[in-house]
Amino acid sequence: MSLVNFEVQQPYITPSQLLLAMDKVIPSQTITNAIISTSTLEQRQRILPTHVVVVLVIAMSFWSSDSIVSVFKNLIHGFASLRIPELIRFKTPTSSSITEARQRTGASVMTRLFEMVAKPLAKRFKNSTTTAQK
């Protein structure tokens, strides 16, 4: 049987759906704990807080073909649609401002977050012949 008029559809996820999915896998408190444990919490209020930078870095993989400013705009749209009032006030920063915030945040918080979230999915396979030989 041949497939006629078959074409692959690209999945689309809205910014608010992405944020909800991310919060299920990586709760906001886990991100906060990773920031605190790596001492990357900002000392003063910044335009781009560390928590937002971490979420932005994760979101960059979902919208990898978009510019970093477009990814940021997607996040802000998602925050607004989820009615997160303290995050709605963000103005879109320049790409150099985002780069500076990413450099300030550093890789240690992302490494720590990975260590906190990544867990093995496979179960240990018990080989009966190896066990019998021991």
# chains A, B, ... in the order shown; residues from 1 in each chain; ligands from 1
>>> residues_around(residues="Thr40 of chain A", least_positions_apart="3", cutoff="8 Å", atoms="only C-alpha atoms", output="PyMOL selection string")
chain A and resi 35-37+50+105+109
>>> write_last_selection(atoms="N, CA and C atoms", output="short mmCIF file (atom, residue, chain, number, x, y, z; two decimals), in the first residue's frame")
data_model
loop_
_atom_site.label_atom_id
_atom_site.label_comp_id
_atom_site.auth_asym_id
_atom_site.auth_seq_id
_atom_site.Cartn_x
_atom_site.Cartn_y
_atom_site.Cartn_z
N ILE A 35 20.48 27.32 41.50
CA ILE A 35 21.08 28.65 41.53
C ILE A 35 21.71 28.92 42.89
N ILE A 36 21.00 28.60 43.95
CA ILE A 36 21.51 28.83 45.30
C ILE A 36 22.72 27.95 45.59
N SER A 37 22.65 26.68 45.19
CA SER A 37 23.76 25.76 45.50
C SER A 37 25.04 26.07 44.72
N THR A 50 18.90 35.53 37.12
CA THR A 50 19.50 34.22 36.83
C THR A 50 18.44 33.18 36.49
N THR A 105 25.84 34.22 34.42
CA THR A 105 25.25 33.04 35.04
C THR A 105 26.23 31.87 35.02
N VAL A 109 25.59 26.47 37.03
CA VAL A 109 24.19 26.30 37.40
C VAL A 109 23.50 25.30 36.47
#
>>> atom_distance(atom1="atom CA of Ser16 of chain A", atom2="atom CA of Ile76 of chain A")
9.2 Å
>>> closest_residue(among="A:Lys91, A:Phe125, A:Glu42, A:Asp66", to="Arg104 of chain A", atoms="only C-alpha atoms")
A:Glu42
